[in-house]
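File shown: run-v5.txt (compact mmCIF, C-alpha atoms).
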```txt
# COMPACT_ATOMS: atom_id res chain seq x y z
CA MET A 28 96.96 141.01 92.37
CA ARG A 29 97.95 139.30 95.58
CA LEU A 30 101.53 139.42 96.63
CA GLN A 31 103.39 136.12 96.69
CA ASN A 32 105.08 136.76 100.00
CA GLN A 33 102.02 137.74 102.00
CA TRP A 34 102.40 134.96 104.53
CA ARG A 35 105.98 135.76 105.38
CA PRO A 36 106.73 137.57 108.59
CA ASN A 37 107.06 141.32 108.09
CA PRO A 38 108.19 141.94 104.56
CA SER A 39 108.41 145.68 104.22
CA HIS A 40 105.45 147.61 102.81
CA ASN A 41 103.07 144.76 103.34
CA PRO A 42 100.32 145.46 105.84
CA ASN A 43 98.70 142.04 105.47
CA THR A 44 101.43 140.17 107.27
CA LEU A 45 101.30 137.75 110.13
CA PRO A 46 102.65 139.36 113.30
CA THR A 47 105.91 137.56 113.88
CA ARG A 48 106.05 137.69 117.63
CA ASN A 49 102.64 136.18 118.21
CA THR A 50 102.74 133.51 115.51
CA THR A 51 102.84 129.90 116.54
CA ALA A 52 104.65 127.31 114.52
CA GLN A 53 101.33 125.73 113.57
CA GLN A 54 99.99 129.05 112.26
CA MET A 55 103.11 129.52 110.20
CA ARG A 56 102.78 126.03 108.79
CA SER A 57 99.14 126.49 107.82
CA ALA A 58 99.93 129.86 106.30
CA ALA A 59 102.72 128.27 104.28
CA VAL A 60 100.40 125.53 103.08
CA MET A 61 97.82 128.12 102.04
CA ALA A 62 100.42 130.18 100.25
CA ALA A 63 101.76 127.11 98.48
CA ASP A 64 98.25 126.18 97.43
CA ASP A 65 97.62 129.67 96.20
CA GLY A 66 100.85 130.71 94.57
CA GLN A 67 102.95 127.76 93.51
CA PRO A 68 100.51 125.97 91.24
CA ARG A 69 100.15 129.15 89.23
CA LEU A 70 103.86 129.01 88.44
CA LEU A 71 103.79 125.31 87.67
CA HIS A 72 100.36 125.18 86.15
CA TRP A 73 101.59 124.48 82.66
CA THR A 74 103.13 121.21 83.88
CA GLN A 75 99.80 119.81 85.02
CA GLY A 76 98.29 118.83 81.70
CA ARG A 77 99.16 116.41 78.98
CA VAL A 78 101.07 118.91 76.92
CA GLY A 79 103.20 120.01 79.87
CA GLY A 80 103.92 116.40 80.79
CA GLY A 81 104.93 115.63 77.24
CA VAL A 82 107.19 118.65 77.09
CA LEU A 83 108.86 117.73 80.38
CA ALA A 84 109.37 114.18 79.16
CA ILE A 85 110.76 115.04 75.75
CA ALA A 86 112.51 118.39 76.08
CA PRO A 87 115.54 117.62 78.29
CA SER A 88 116.71 114.75 76.10
CA ALA A 89 115.99 116.79 72.99
CA ALA A 90 118.11 119.62 74.35
CA LEU A 91 121.00 117.26 75.06
CA ASP A 92 120.78 115.66 71.62
CA LEU A 93 120.63 119.09 70.03
CA TYR A 94 123.71 120.16 71.94
CA ASN A 95 125.58 117.01 70.93
CA ALA A 96 124.65 117.41 67.29
CA THR A 97 125.81 121.02 67.11
CA GLU A 98 129.41 121.89 66.37
CA VAL A 99 130.83 125.37 66.50
CA ALA A 100 134.30 125.97 65.12
CA LEU A 101 135.88 128.37 67.60
CA ARG A 102 138.19 130.15 65.18
CA THR A 103 135.88 130.71 62.22
CA ARG A 104 132.68 130.86 64.30
CA GLU A 105 131.33 128.41 61.82
CA PHE A 106 128.10 126.85 63.05
CA ASN A 107 127.36 123.32 61.94
CA PHE A 108 124.27 121.37 62.84
CA ASN A 109 124.39 117.66 62.14
CA GLY A 110 120.73 116.91 61.51
CA ARG A 111 121.28 113.25 60.80
CA GLN A 112 123.07 112.66 64.08
CA PHE A 113 120.35 114.58 65.90
CA LEU A 114 117.64 112.36 64.43
CA VAL A 115 119.51 109.15 65.24
CA ASP A 116 120.31 110.29 68.79
CA SER A 117 116.73 111.41 69.27
CA GLU A 118 115.50 108.02 68.19
CA ARG A 119 117.79 106.43 70.76
CA SER A 120 116.77 108.64 73.68
CA GLN A 121 113.14 109.45 72.84
CA SER A 122 112.15 105.83 72.22
CA GLY A 123 113.20 105.05 75.78
CA ASN A 124 111.44 108.20 76.99
CA ALA A 125 108.21 107.22 75.25
CA VAL A 126 108.30 103.70 76.68
CA GLY A 127 109.10 104.92 80.20
CA PHE A 128 106.47 107.66 80.05
CA ALA A 129 103.77 105.30 78.79
CA SER A 130 104.48 102.60 81.34
CA SER A 131 104.51 105.19 84.09
CA LEU A 132 101.03 106.36 83.05
CA VAL A 133 99.81 102.78 82.80
CA ALA A 134 101.16 101.91 86.25
CA VAL A 135 99.48 104.97 87.80
CA ALA A 136 96.16 104.14 86.14
CA LEU A 137 96.30 100.53 87.29
CA VAL A 138 97.41 101.15 90.87
CA GLY A 139 94.96 104.03 91.37
CA GLY A 140 92.32 101.51 92.45
CA PHE A 141 94.01 100.52 95.68
CA ALA A 142 96.77 103.00 96.41
CA ALA A 143 96.85 106.77 96.51
CA GLY A 144 99.17 109.55 97.54
CA ALA A 145 102.87 108.93 97.91
CA PRO A 146 102.92 105.14 97.21
CA LEU A 147 101.07 105.67 93.96
CA LEU A 148 103.58 108.32 92.96
CA VAL A 149 106.55 106.10 93.82
CA ILE A 150 105.11 103.08 91.99
CA GLY A 151 104.45 105.14 88.86
CA LEU A 152 107.86 106.76 89.04
CA VAL A 153 109.91 103.62 89.64
CA GLY A 154 107.82 101.59 87.21
CA GLY A 155 108.71 104.03 84.44
CA VAL A 156 112.39 104.05 85.43
CA PHE A 157 112.50 100.25 85.52
CA VAL A 158 110.93 99.81 82.09
CA GLN A 159 113.25 102.40 80.55
CA VAL A 160 116.32 100.74 82.03
CA VAL A 161 115.24 97.32 80.73
CA TRP A 162 114.50 98.89 77.34
CA ASN A 163 118.00 100.36 77.13
CA TRP A 164 119.67 97.24 78.47
CA PHE A 165 118.09 95.05 75.79
CA GLY A 166 119.59 97.30 73.18
CA ALA A 167 116.12 98.27 72.02
CA ALA A 168 117.15 101.92 72.14
CA ASP A 169 120.25 101.23 70.02
CA GLY A 170 118.17 99.04 67.76
CA SER A 171 115.68 101.79 67.02
CA ALA A 172 118.56 104.23 66.52
CA ASN A 173 120.04 101.85 63.95
CA LEU A 174 116.67 101.63 62.23
CA MET A 175 116.57 105.40 62.02
CA GLY A 176 120.13 105.52 60.74
CA ARG A 177 119.35 103.02 58.00
CA ALA A 178 116.16 104.87 57.09
CA LEU A 179 118.11 108.07 56.60
CA GLN A 180 120.77 106.55 54.39
CA MET B 13 83.05 106.95 95.09
CA MET B 14 84.78 103.60 94.77
CA LEU B 15 85.02 103.91 90.97
CA GLN B 16 85.77 106.93 88.81
CA ARG B 17 84.15 107.29 85.44
CA SER B 18 87.52 107.59 83.72
CA GLN B 19 88.53 104.23 85.17
CA MET B 20 85.86 102.40 83.17
CA LEU B 21 88.14 102.50 80.14
CA ALA B 22 91.50 103.21 81.76
CA LEU B 23 91.50 100.18 84.06
CA PRO B 24 91.09 97.38 81.48
CA VAL B 25 93.36 99.08 78.95
CA SER B 26 96.12 99.71 81.46
CA GLY B 27 95.73 96.18 82.81
CA PHE B 28 96.29 94.78 79.35
CA LEU B 29 99.24 97.07 78.60
CA MET B 30 100.89 96.36 81.95
CA GLY B 31 100.69 92.62 81.30
CA MET B 32 102.45 93.08 77.98
CA ILE B 33 105.03 95.47 79.46
CA ASN B 34 105.82 92.86 82.11
CA SER B 35 106.92 90.41 79.44
CA LEU B 36 109.87 92.72 78.58
CA ALA B 37 111.71 91.56 81.68
CA TYR B 38 111.45 87.89 80.73
CA VAL B 39 112.67 88.09 77.14
CA ARG B 40 116.30 87.31 77.96
CA LEU B 41 115.27 84.24 79.97
CA LEU B 42 112.45 82.79 77.88
CA GLY B 43 113.05 84.17 74.39
CA TRP B 44 110.69 86.48 72.52
CA PRO B 45 107.85 84.07 71.56
CA LEU B 46 107.47 82.46 74.96
CA ALA B 47 107.88 85.74 76.85
CA LEU B 48 105.23 87.39 74.68
CA ALA B 49 102.91 84.42 75.14
CA VAL B 50 103.28 84.51 78.92
CA GLY B 51 102.86 88.30 78.85
CA GLY B 52 99.74 87.87 76.73
CA VAL B 53 98.17 85.45 79.20
CA LEU B 54 99.03 87.80 82.05
CA ALA B 55 97.61 90.74 80.09
CA LEU B 56 94.39 88.86 79.44
CA LEU B 57 94.00 87.92 83.11
CA LEU B 58 94.68 91.50 84.22
CA CYS B 59 92.30 92.86 81.60
CA LEU B 60 89.49 90.51 82.64
CA THR B 61 89.94 91.21 86.35
CA THR B 62 90.05 94.97 85.89
CA ALA B 63 87.06 94.85 83.54
CA TRP B 64 85.13 92.90 86.15
CA VAL B 65 85.99 95.58 88.71
CA ALA B 66 84.93 98.31 86.30
CA TYR B 67 81.66 96.82 85.00
CA ARG B 68 80.42 93.97 87.18
CA SER B 69 81.67 94.45 90.72
CA ASP B 70 79.09 95.10 93.45
CA GLY B 71 81.67 96.95 95.49
CA GLY B 72 81.47 94.43 98.27
CA ALA B 73 83.98 91.92 99.60
CA ARG B 74 84.53 90.39 96.17
CA HIS B 75 85.64 93.81 94.90
CA LEU B 76 88.44 93.81 97.45
CA VAL B 77 89.45 90.27 96.55
CA ALA B 78 89.58 91.30 92.88
CA ASN B 79 91.74 94.30 93.82
CA ASN B 80 94.11 91.90 95.55
CA VAL B 81 94.24 89.67 92.50
CA ILE B 82 95.12 92.73 90.38
CA PHE B 83 97.79 93.72 92.90
CA ALA B 84 99.33 90.23 92.82
CA LEU B 85 99.13 89.86 89.02
CA PHE B 86 100.71 93.26 88.46
CA MET B 87 103.30 93.50 91.22
CA ALA B 88 104.60 89.95 91.57
CA PRO B 89 105.75 89.57 87.92
CA LEU B 90 107.07 93.14 87.95
CA VAL B 91 109.25 92.86 91.06
CA GLY B 92 110.17 89.27 90.20
CA GLY B 93 111.16 90.39 86.71
CA ALA B 94 113.14 93.34 88.09
CA CYS B 95 115.12 91.03 90.39
CA LEU B 96 115.63 88.62 87.49
CA VAL B 97 116.94 91.34 85.18
CA LEU B 98 119.21 92.61 87.92
CA ALA B 99 120.68 89.11 88.38
CA GLN B 100 121.22 88.84 84.61
CA MET B 101 122.76 92.30 84.37
CA THR B 102 125.32 91.46 87.04
CA GLN B 103 126.03 88.11 85.35
CA HIS B 104 124.73 85.98 88.19
CA ASP B 105 122.93 83.67 85.79
CA ASP B 106 122.82 80.77 88.25
CA TRP B 107 120.74 82.87 90.57
CA VAL B 108 118.01 84.08 88.21
CA VAL B 109 115.31 81.69 89.45
CA MET B 110 116.23 82.40 93.05
CA ALA B 111 116.16 86.16 92.40
CA TRP B 112 112.77 85.90 90.69
CA ALA B 113 111.35 83.88 93.59
CA ALA B 114 112.74 86.40 96.09
CA GLY B 115 110.98 89.21 94.20
CA VAL B 116 107.67 87.35 94.11
CA VAL B 117 107.86 86.50 97.82
CA THR B 118 108.70 90.13 98.60
CA VAL B 119 105.38 91.14 97.08
CA LEU B 120 103.14 88.33 98.28
CA ALA B 121 104.35 87.81 101.86
CA PRO B 122 103.50 91.35 103.06
CA VAL B 123 99.97 90.86 101.72
CA LEU B 124 99.24 87.36 102.96
CA GLY B 125 100.75 87.87 106.42
CA PRO B 126 98.68 90.94 107.41
CA ALA B 127 95.62 89.43 105.69
CA TRP B 128 95.83 86.34 107.87
CA GLN B 129 96.47 88.51 110.93
CA THR B 130 93.47 90.75 110.24
CA TYR B 131 91.23 87.80 109.51
CA THR B 132 92.08 85.99 112.74
CA ARG B 133 91.61 89.18 114.75
CA LEU B 134 88.18 89.86 113.21
CA ALA B 135 87.13 86.21 113.44
CA ALA B 136 88.02 86.22 117.13
CA GLU B 137 85.79 89.26 117.62
CA GLY B 138 82.95 87.49 115.83
CA ASP B 139 79.80 88.79 114.15
CA ALA B 140 78.82 90.88 117.14
CA GLY B 141 82.28 92.27 117.79
CA PRO B 142 83.14 95.96 117.73
CA TRP B 143 84.36 95.96 114.11
CA ALA B 144 81.25 94.18 112.81
CA ARG B 145 78.91 96.41 114.79
CA LYS B 146 80.59 99.53 113.45
CA HIS B 147 80.98 98.47 109.82
CA LEU B 148 78.24 95.99 108.92
CA ASP B 149 74.48 96.34 108.81
CA LEU B 150 73.42 92.71 108.56
CA ARG B 151 69.70 93.51 108.71
CA ALA B 152 69.83 95.90 105.73
CA GLY B 153 72.46 93.79 103.99
CA VAL B 154 74.94 96.62 103.39
CA LEU B 155 78.47 97.44 104.34
CA LEU B 156 78.67 100.75 106.16
CA PRO B 157 81.06 103.46 104.95
CA GLY B 158 84.62 102.77 105.98
CA ALA B 159 84.17 99.00 106.00
CA LEU B 160 86.20 98.40 102.91
CA SER B 161 88.94 101.00 103.11
CA ALA B 162 91.09 101.71 106.12
CA ALA B 163 91.13 105.45 105.50
CA ASP B 164 90.47 107.75 102.59
CA SER B 165 93.78 108.77 101.10
CA PRO B 166 94.23 112.15 99.49
CA ARG B 167 94.65 112.23 95.74
CA PRO B 168 98.27 112.61 94.70
CA ALA B 169 99.38 116.19 94.28
CA MET B 170 101.00 115.29 90.98
CA THR B 171 99.10 114.28 87.90
CA PRO B 172 100.07 111.06 86.09
CA TRP B 173 101.59 113.22 83.35
CA GLN B 174 103.96 114.84 85.80
CA ILE B 175 104.90 111.48 87.31
CA GLY B 176 105.66 110.14 83.84
CA ALA B 177 107.77 113.18 82.99
CA LEU B 178 109.70 112.73 86.22
CA ALA B 179 110.14 109.01 85.56
CA VAL B 180 111.90 109.56 82.24
CA ASN B 181 114.13 112.33 83.54
CA VAL B 182 115.44 110.43 86.55
CA PRO B 183 117.44 107.98 84.37
CA LEU B 184 118.64 110.92 82.25
CA VAL B 185 120.01 112.78 85.26
CA TRP B 186 121.44 109.54 86.61
CA ARG B 187 123.34 108.93 83.36
CA LEU B 188 124.54 112.53 83.18
CA MET B 189 125.96 112.09 86.67
CA GLY B 190 127.89 109.08 85.39
CA GLY B 191 125.71 106.34 86.84
CA GLY B 192 125.30 102.96 85.18
CA ASP B 193 122.15 101.01 84.41
CA THR B 194 122.93 98.32 86.99
CA GLY B 195 123.12 100.78 89.84
CA LEU B 196 119.92 102.49 88.76
CA LEU B 197 118.07 99.20 88.48
CA ALA B 198 119.34 98.07 91.88
CA LEU B 199 118.06 101.34 93.38
CA ALA B 200 114.75 100.95 91.55
CA VAL B 201 114.29 97.40 92.84
CA VAL B 202 114.95 98.50 96.41
CA VAL B 203 112.54 101.46 96.22
CA LEU B 204 109.90 99.43 94.41
CA SER B 205 110.04 96.55 96.90
CA ALA B 206 109.96 98.93 99.84
CA THR B 207 106.88 100.66 98.43
CA PHE B 208 105.09 97.40 97.73
CA VAL B 209 105.84 96.09 101.20
CA TRP B 210 104.45 99.33 102.65
CA VAL B 211 101.32 99.22 100.49
CA GLY B 212 100.83 95.53 101.21
CA VAL B 213 101.19 95.81 104.95
CA LYS B 214 99.26 99.05 105.25
CA ARG B 215 96.40 98.72 102.78
CA VAL B 216 96.16 95.65 100.58
CA GLY B 217 96.81 92.98 103.21
CA PRO B 218 94.33 94.27 105.83
CA ALA B 219 91.76 94.80 103.05
CA LEU B 220 92.13 91.15 102.02
CA GLY B 221 91.72 90.01 105.64
CA THR B 222 88.58 92.15 105.98
CA ALA B 223 87.16 90.81 102.74
CA TRP B 224 87.87 87.27 103.92
CA PHE B 225 85.96 87.93 107.15
CA VAL B 226 83.01 89.51 105.31
CA LEU B 227 82.91 86.59 102.85
CA ASP B 228 82.85 84.27 105.86
CA ILE B 229 79.81 86.09 107.24
CA GLU B 230 78.15 86.09 103.82
CA ARG B 231 78.63 82.34 103.55
CA ARG B 232 77.16 81.72 107.01
CA THR B 233 74.19 84.09 106.75
CA GLY B 234 73.53 83.42 103.07
CA GLN B 235 73.15 87.09 102.10
CA ARG B 236 75.37 89.28 99.97
CA LEU B 237 76.50 92.51 101.65
CA ARG B 238 76.48 95.38 99.19
CA ASN B 239 78.45 98.60 99.04
CA PRO B 240 76.30 101.56 100.15
CA GLU B 241 77.42 103.43 97.02
CA TRP B 242 76.33 100.63 94.73
CA ALA B 243 73.28 102.41 93.29
CA GLU B 244 75.38 105.49 92.45
CA VAL B 245 78.06 103.37 90.84
CA GLN B 246 75.48 101.54 88.74
CA ALA B 247 74.00 104.86 87.64
CA MET B 248 77.45 106.08 86.65
CA ARG B 249 78.12 102.84 84.76
CA ARG B 250 74.86 103.12 82.85
CA GLY B 251 76.02 106.43 81.40
CA HIS B 252 79.20 104.98 79.91
CA TRP B 253 79.19 104.03 76.26
CA LEU B 254 80.85 100.66 76.87
CA ALA B 255 78.26 99.68 79.49
CA ARG B 256 75.84 98.50 76.83
CA TRP B 257 78.04 95.48 76.18
CA PHE B 258 79.80 94.81 79.47
CA MET B 259 77.52 95.94 82.28
CA ARG B 260 74.88 93.84 83.94
CA GLU B 261 71.81 95.20 85.73
CA ALA B 262 70.66 94.02 89.17
```

Could you spell out this file's structure in structure tokens?
Amino acid sequence: MRLQNQWRPNPSHNPNTLPTRNTTAQQMRSAAVMAADDGQPRLLHWTQGRVGGGVLAIAPSAALDLYNATEVALRTREFNFNGRQFLVDSERSQSGNAVGFASSLVAVALVGGFAAGAPLLVIGLVGGVFVQVVWNWFGAADGSANLMGRALQ
Amino acid sequence: MMLQRSQMLALPVSGFLMGMINSLAYVRLLGWPLALAVGGVLALLLCLTTAWVAYRSDGGARHLVANNVIFALFMAPLVGGACLVLAQMTQHDDWVVMAWAAGVVTVLAPVLGPAWQTYTRLAAEGDAGPWARKHLDLRAGVLLPGALSAADSPRPAMTPWQIGALAVNVPLVWRLMGGGDTGLLALAVVVLSATFVWVGVKRVGPALGTAWFVLDIERRTGQRLRNPEWAEVQAMRRGHWLARWFMREA
């Protein structure tokens, strides 16, 4: 297995290191780019696919809703999970997440024809943010939460 | 290649969806039925234009013009709608039309200005000018590589799935930090407009000017200049299952 810090100047016990004194800034930069290419994606590889994207989109809100729906009584250590509140809160936050995620994907697919690189990323990102904000502002998020609440009654 | 295989389906579908998504911003102003109707018309136009690009385009100057039409149909209602919603959110209801117009102009002006500038520069050079000699082969009737795009851009390092995941977590973090929707939308409008101005000035506008110049030459010489990759693109199209209905040979 290759060591992650190979490109760094003189870590101890690593013979395959760039000699610090003779390294130009450009060499260091290229070495860093190579190392990033080689090492980083392996750590973040699970985020590349559809499943990873879905997890990243859904999980943070789910964690927050889970936290909000859980009550722990400090004295008795009694643990109470309010499943109904969790479902209603999830409906509120995840509906916005789904809409924002979908419109972000759509924007990227549409703009891919004439923009690439950073502008494409920004358009996809801000497009998703914009649609989610409009969704929440209309009360569509609250509306779907109410629907869920009524369904559970 | 100018067209990816995955775009044969993704382009028309995303064009349609984006048209419908755009109508969200106009609901408060027009009411649901009218907003959906306008969104539907927009979706249909976007779908037809993107489908033309995917199945019928010869990759020449008309391809670039179609790309510009897609850009305008997608971006102008989006930024206009974002400005409109921002005006409504901050209760400046007298200014909604003005805000919408400002958004539309913000998208269109950076395209039309550079397009006109590029066209006049190329027209002044003429058919035998340095650009035409480097990029056009009038005898063979083809555009040489690099004629239609200023420079090849690298693919984004992030996949669409990662961008989407980031897009939904930005508002979450913003809200956790105590930010309101108005502030976030104002920021989004600024970033979105800045990006569109950059894309318009850097890529879309000059491409439109170039296409205009090439169309001018085509009209004068009476021949259609094709993309050098056209045969490859046609071969790729033939292999797609939707090509049987939408593609046209020759």

Discussion item. I need the contact residues of chain A against chain B, so if you could list those with any atom within 9 Å, counting only C-alpha atoms, and return them as a PyMOL selection string, that would help.
Written reply: chain A and resi 74-85+87-88+123-165

Determine, counting only C-alpha atoms, every residue of protein, DNA or RNA that lies within 12 Å of (119.4, 102.1, 70.2) in the file coordinates, then give the result as a JSON list (two decimals) with C-alpha atoms, in the coordinates of the input.
```json
[["chain", "number", "residue", "atom", "x", "y", "z"],
["A", 114, "LEU", "CA", 117.64, 112.36, 64.43],
["A", 115, "VAL", "CA", 119.51, 109.15, 65.24],
["A", 116, "ASP", "CA", 120.31, 110.29, 68.79],
["A", 117, "SER", "CA", 116.73, 111.41, 69.27],
["A", 118, "GLU", "CA", 115.50, 108.02, 68.19],
["A", 119, "ARG", "CA", 117.79, 106.43, 70.76],
["A", 120, "SER", "CA", 116.77, 108.64, 73.68],
["A", 121, "GLN", "CA", 113.14, 109.45, 72.84],
["A", 122, "SER", "CA", 112.15, 105.83, 72.22],
["A", 123, "GLY", "CA", 113.20, 105.05, 75.78],
["A", 162, "TRP", "CA", 114.50, 98.89, 77.34],
["A", 163, "ASN", "CA", 118.00, 100.36, 77.13],
["A", 164, "TRP", "CA", 119.67, 97.24, 78.47],
["A", 165, "PHE", "CA", 118.09, 95.05, 75.79],
["A", 166, "GLY", "CA", 119.59, 97.30, 73.18],
["A", 167, "ALA", "CA", 116.12, 98.27, 72.02],
["A", 168, "ALA", "CA", 117.15, 101.92, 72.14],
["A", 169, "ASP", "CA", 120.25, 101.23, 70.02],
["A", 170, "GLY", "CA", 118.17, 99.04, 67.76],
["A", 171, "SER", "CA", 115.68, 101.79, 67.02],
["A", 172, "ALA", "CA", 118.56, 104.23, 66.52],
["A", 173, "ASN", "CA", 120.04, 101.85, 63.95],
["A", 174, "LEU", "CA", 116.67, 101.63, 62.23],
["A", 175, "MET", "CA", 116.57, 105.40, 62.02],
["A", 176, "GLY", "CA", 120.13, 105.52, 60.74]]
```

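Our summary of the geometry notes that atom CA of B:Met20 is positioned 19.7 Å from atom CA of B:Met32.
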
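Counting all atoms listed in the file and comparing B:His104, B:Val109, B:Leu60, B:Ala47, the residue that lies closest to B:Phe258 is B:Leu60.
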
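The gap separating atom CA of B:Gly158 from atom CA of B:Lys146 is 9.1 Å, in Å to one decimal.
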
Worksheet entry | B:Val154 environment, 10 Å, only C-alpha atoms, sequence neighbours closer than 5 positions dropped, as a PyMOL selection string | chain B and resi 72+147-149+159+235-242

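Note that atom CA of B:Phe225 and atom CA of B:Tyr131 are 5.8 Å apart.
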
Rebuild all heavy atoms on stretch 249-256 of chain B, as a PDB file, in the coordinates of the input?
```
ATOM      1  N   ARG B 249      77.780 103.822  85.800  1.00  0.00           N
ATOM      2  CA  ARG B 249      78.120 102.840  84.760  1.00  0.00           C
ATOM      3  C   ARG B 249      77.150 102.924  83.581  1.00  0.00           C
ATOM      4  O   ARG B 249      77.554 102.807  82.429  1.00  0.00           O
ATOM      5  CB  ARG B 249      78.064 101.432  85.348  1.00  0.00           C
ATOM      6  CG  ARG B 249      79.274 101.055  86.145  1.00  0.00           C
ATOM      7  CD  ARG B 249      79.046  99.733  86.811  1.00  0.00           C
ATOM      8  NE  ARG B 249      80.222  99.292  87.541  1.00  0.00           N
ATOM      9  CZ  ARG B 249      80.181  98.424  88.537  1.00  0.00           C
ATOM     10  NH1 ARG B 249      79.031  97.930  88.931  1.00  0.00           N
ATOM     11  NH2 ARG B 249      81.284  98.058  89.144  1.00  0.00           N
ATOM     12  N   ARG B 250      75.861 103.111  83.904  1.00  0.00           N
ATOM     13  CA  ARG B 250      74.860 103.120  82.850  1.00  0.00           C
ATOM     14  C   ARG B 250      75.140 104.220  81.818  1.00  0.00           C
ATOM     15  O   ARG B 250      74.799 104.080  80.647  1.00  0.00           O
ATOM     16  CB  ARG B 250      73.466 103.330  83.464  1.00  0.00           C
ATOM     17  CG  ARG B 250      72.619 102.089  83.410  1.00  0.00           C
ATOM     18  CD  ARG B 250      71.331 102.289  84.169  1.00  0.00           C
ATOM     19  NE  ARG B 250      71.294 101.424  85.336  1.00  0.00           N
ATOM     20  CZ  ARG B 250      71.052 101.822  86.574  1.00  0.00           C
ATOM     21  NH1 ARG B 250      70.826 103.091  86.825  1.00  0.00           N
ATOM     22  NH2 ARG B 250      71.028 100.957  87.555  1.00  0.00           N
ATOM     23  N   GLY B 251      75.764 105.321  82.305  1.00  0.00           N
ATOM     24  CA  GLY B 251      76.020 106.430  81.400  1.00  0.00           C
ATOM     25  C   GLY B 251      77.218 106.230  80.492  1.00  0.00           C
ATOM     26  O   GLY B 251      77.486 107.058  79.631  1.00  0.00           O
ATOM     27  N   HIS B 252      77.984 105.177  80.697  1.00  0.00           N
ATOM     28  CA  HIS B 252      79.200 104.980  79.910  1.00  0.00           C
ATOM     29  C   HIS B 252      78.880 104.228  78.631  1.00  0.00           C
ATOM     30  O   HIS B 252      78.066 103.311  78.627  1.00  0.00           O
ATOM     31  CB  HIS B 252      80.226 104.209  80.734  1.00  0.00           C
ATOM     32  CG  HIS B 252      81.619 104.311  80.204  1.00  0.00           C
ATOM     33  ND1 HIS B 252      82.137 103.411  79.305  1.00  0.00           N
ATOM     34  CD2 HIS B 252      82.601 105.219  80.425  1.00  0.00           C
ATOM     35  CE1 HIS B 252      83.370 103.758  79.002  1.00  0.00           C
ATOM     36  NE2 HIS B 252      83.679 104.853  79.672  1.00  0.00           N
ATOM     37  N   TRP B 253      79.566 104.606  77.561  1.00  0.00           N
ATOM     38  CA  TRP B 253      79.190 104.030  76.260  1.00  0.00           C
ATOM     39  C   TRP B 253      79.539 102.557  76.139  1.00  0.00           C
ATOM     40  O   TRP B 253      78.948 101.841  75.335  1.00  0.00           O
ATOM     41  CB  TRP B 253      79.833 104.812  75.121  1.00  0.00           C
ATOM     42  CG  TRP B 253      81.335 104.851  75.146  1.00  0.00           C
ATOM     43  CD1 TRP B 253      82.124 105.674  75.901  1.00  0.00           C
ATOM     44  CD2 TRP B 253      82.242 104.029  74.414  1.00  0.00           C
ATOM     45  NE1 TRP B 253      83.442 105.414  75.675  1.00  0.00           N
ATOM     46  CE2 TRP B 253      83.549 104.418  74.767  1.00  0.00           C
ATOM     47  CE3 TRP B 253      82.078 103.007  73.482  1.00  0.00           C
ATOM     48  CZ2 TRP B 253      84.677 103.823  74.237  1.00  0.00           C
ATOM     49  CZ3 TRP B 253      83.215 102.412  72.953  1.00  0.00           C
ATOM     50  CH2 TRP B 253      84.501 102.822  73.330  1.00  0.00           C
ATOM     51  N   LEU B 254      80.497 102.067  76.959  1.00  0.00           N
ATOM     52  CA  LEU B 254      80.850 100.660  76.870  1.00  0.00           C
ATOM     53  C   LEU B 254      79.932  99.779  77.718  1.00  0.00           C
ATOM     54  O   LEU B 254      79.966  98.560  77.610  1.00  0.00           O
ATOM     55  CB  LEU B 254      82.299 100.459  77.339  1.00  0.00           C
ATOM     56  CG  LEU B 254      83.358 100.821  76.316  1.00  0.00           C
ATOM     57  CD1 LEU B 254      84.728 100.824  76.970  1.00  0.00           C
ATOM     58  CD2 LEU B 254      83.333  99.850  75.166  1.00  0.00           C
ATOM     59  N   ALA B 255      79.092 100.436  78.558  1.00  0.00           N
ATOM     60  CA  ALA B 255      78.260  99.680  79.490  1.00  0.00           C
ATOM     61  C   ALA B 255      77.254  98.807  78.763  1.00  0.00           C
ATOM     62  O   ALA B 255      76.856  97.759  79.259  1.00  0.00           O
ATOM     63  CB  ALA B 255      77.539 100.635  80.427  1.00  0.00           C
ATOM     64  N   ARG B 256      76.855  99.244  77.575  1.00  0.00           N
ATOM     65  CA  ARG B 256      75.840  98.500  76.830  1.00  0.00           C
ATOM     66  C   ARG B 256      76.264  97.052  76.625  1.00  0.00           C
ATOM     67  O   ARG B 256      75.458  96.142  76.604  1.00  0.00           O
ATOM     68  CB  ARG B 256      75.626  99.203  75.485  1.00  0.00           C
ATOM     69  CG  ARG B 256      74.493  98.615  74.693  1.00  0.00           C
ATOM     70  CD  ARG B 256      74.562  99.052  73.261  1.00  0.00           C
ATOM     71  NE  ARG B 256      74.348 100.484  73.096  1.00  0.00           N
ATOM     72  CZ  ARG B 256      74.287 101.061  71.916  1.00  0.00           C
ATOM     73  NH1 ARG B 256      74.431 100.334  70.820  1.00  0.00           N
ATOM     74  NH2 ARG B 256      74.113 102.352  71.812  1.00  0.00           N
TER      75      ARG B 256
END
```
